[in-house]
Each structure stands twice: as C-alpha cells, then as structure tokens.
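First comes the structure, then the notes that go with it.
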Amino acid sequence: MDIKASDQVKETIGKRGLKIDDVMDVIKTAEGSNKKVVDKATGRVIAKKTINNVTVYADYNVEKGILKSHANVNSAYSHRMTIGKIVNATEPSPWTCAHCNAQAYAGTAEMSYMGVVRNGPAIVCPKCNDAWVEEYLATKTLAAAEGLFEKKKA
Ligand SMILES: [Zn+2]
C-alpha cells in the first residue's frame with residue numbers, strides 16, 4: 001500500500017512531533033490486522049498503534065486502485081496516556097469497528113499517565129474491548145492533562 005499525504009498534512013504531522021514513517025507503520029499494521037474504526041458513510045478510518053510509549057493515530061481514507069491501494073492521510077496525532085479498560089459505552093457513534101464489524105460507541109475509557117488513572121471520552125468497541133481517542137480530544141484535552149501531570153511531577 002502507498003501512503004499519500006498533502007504538504008499541509010505532512011507539516012501538521014511534523015509540528016506534532018510525529019514521523020511520517022510512524023504514520024505509515026500505523027496504517028500498515030491496521031490494514032493488516034483490521035483493527036480500526038471506519039465511518040462507512042465516508043470511508044474514513046481511524047487507526048492507532050503504540051510506538052515507544054506513544055499512541056500514534058492515523059486518520060485516513062483508502063483508495064482502491066487496480067493494482068495497488070493508496071491510503072490518503074487526512075491527519076495524524078498522538079497521546080502519551082495509556083488507554084486501559086472501557087468504563088462505559090453511552091451512545092452509538094458513526095464509527096464501525098472493522099475488526100468485529102459491530103457498531104462502535106461514544107463512551108469512556110480509563111486513561112493512565114505517570115501513575116494517575118482518569119476516565120476520558122473515547123470511541124469504544126465493547127466487543128473487542130478496544131478504544132480510540134478522536135483528534136480534537138487527543139490534541140486538546142489529553143495534551144492539556146498530560147501537561148498538568150508533568151508539571152505536578154516536576
Ligand atoms: Zn470490535
């Protein structure tokens with residue numbers, strides 16, 4: 001599979017301290033394992049992989065060509081918190097868990113960082129016991145929480 005990203009997306013990825021190779025790794029792993037959530041209406045995919053204690057996410061669409069498929073990267077982001085078990089699944093989300101083909105839910109999962117466990121909002125698949133954090137939460141809410149925890153420990 002080829003990976004395509006616009007210059008703007010590449011710039012965002014770089015600014016967030018992520019490497020395009022890691023984003024490719026996330027996509028290739030997700031396409032191989034089918035562990036990802038898909039918005040069936042738009043074909044948008046969110047996948048994650050933990051690389052060096054950081055959970056890296058890729059937001060992309062797959063374009064199927066005659067010979068080769070391409071992944072068009074919409075965005076990439078990360079968080080340092082570790083997602084633990086699912087706390088609840090409150091309402092149906094637009095996402096489908098590709099692994100079990102069940103509806104994914106908007107819910108809550110345990111997130112731990114530097115020894116502190118908090119509950120945070122996530123897209124969850126109770127069947128697979130897996131959870132994904134959306135971009136706006138990872139880049140705003142989780143980044144702020146990680147910063148606070150780091151300050152307290154410093
Ligand atoms: Zn599932």
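Identifiers for the structure tokens are assigned positionally: chains receive A, B, ... in sequence, residues are indexed from 1 per chain, and ligands are indexed from 1 in the order shown.
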Counting only C-alpha atoms and all ligand atoms, what are the residues of chain A within 8 Å of ligand 1, and for each of them which pair of atoms is the nearest and at what distance in Å, to one decimal? Sort the table by chain and rising number, as a Markdown table.
```
| residue | atom | partner | partner_atom_place_in_ligand_line | distance |
| --- | --- | --- | --- | --- |
| A:Lys35 | CA | ligand 1 | 1 (Zn) | 7.9 |
| A:Thr96 | CA | ligand 1 | 1 (Zn) | 7.8 |
| A:Cys97 | CA | ligand 1 | 1 (Zn) | 4.6 |
| A:Ala98 | CA | ligand 1 | 1 (Zn) | 6.6 |
| A:His99 | CA | ligand 1 | 1 (Zn) | 5.1 |
| A:Cys100 | CA | ligand 1 | 1 (Zn) | 4.2 |
| A:Asn101 | CA | ligand 1 | 1 (Zn) | 6.2 |
| A:Ala102 | CA | ligand 1 | 1 (Zn) | 5.7 |
| A:Gln103 | CA | ligand 1 | 1 (Zn) | 7.7 |
| A:Ala104 | CA | ligand 1 | 1 (Zn) | 7.2 |
| A:Cys125 | CA | ligand 1 | 1 (Zn) | 4.8 |
| A:Pro126 | CA | ligand 1 | 1 (Zn) | 6.8 |
| A:Lys127 | CA | ligand 1 | 1 (Zn) | 5.0 |
| A:Cys128 | CA | ligand 1 | 1 (Zn) | 4.2 |
| A:Asn129 | CA | ligand 1 | 1 (Zn) | 7.1 |
| A:Asp130 | CA | ligand 1 | 1 (Zn) | 7.0 |
```
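Summary of the local environment: counting only C-alpha atoms, residues at most 12 Å from Ala109 (chain A), other than itself and those fewer than 5 positions away along its chain, are A:Met81, A:Thr82, A:Ile83, A:Gly84, A:Lys85, A:Ile86, A:Val87, A:Asn88, A:Ala89, A:Thr90, A:Val117, A:Arg118, A:Asn119, A:Gly120, A:Pro121, A:Ala122, A:Ile123, A:Val124, A:Cys125, A:Pro126, A:Asn129, A:Asp130, A:Ala131, A:Trp132, A:Val133.
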Checklist entry - Skipping near chain neighbours, those fewer than 5 positions away, what residues fall within 10 Å of region 55-65 of chain A using only C-alpha atoms, listed as a PyMOL selection string? => result chain A and resi 1-5+13+18-19+22-27+30-31+36-39+42-50+70-83+132-135+138
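Take the candidates A:Glu110, A:Leu148, A:Ile66, A:Thr139 and check each one against Lys15 (chain A) using only C-alpha atoms; the shortest distance goes to A:Thr139.
Neighbours of Met114 (chain A) closer than or equal to 9 Å, with only C-alpha atoms counted and sequence neighbours fewer than 5 positions away skipped, come out as Met81, Glu146, Phe149, Glu150 and Lys153 of chain A.
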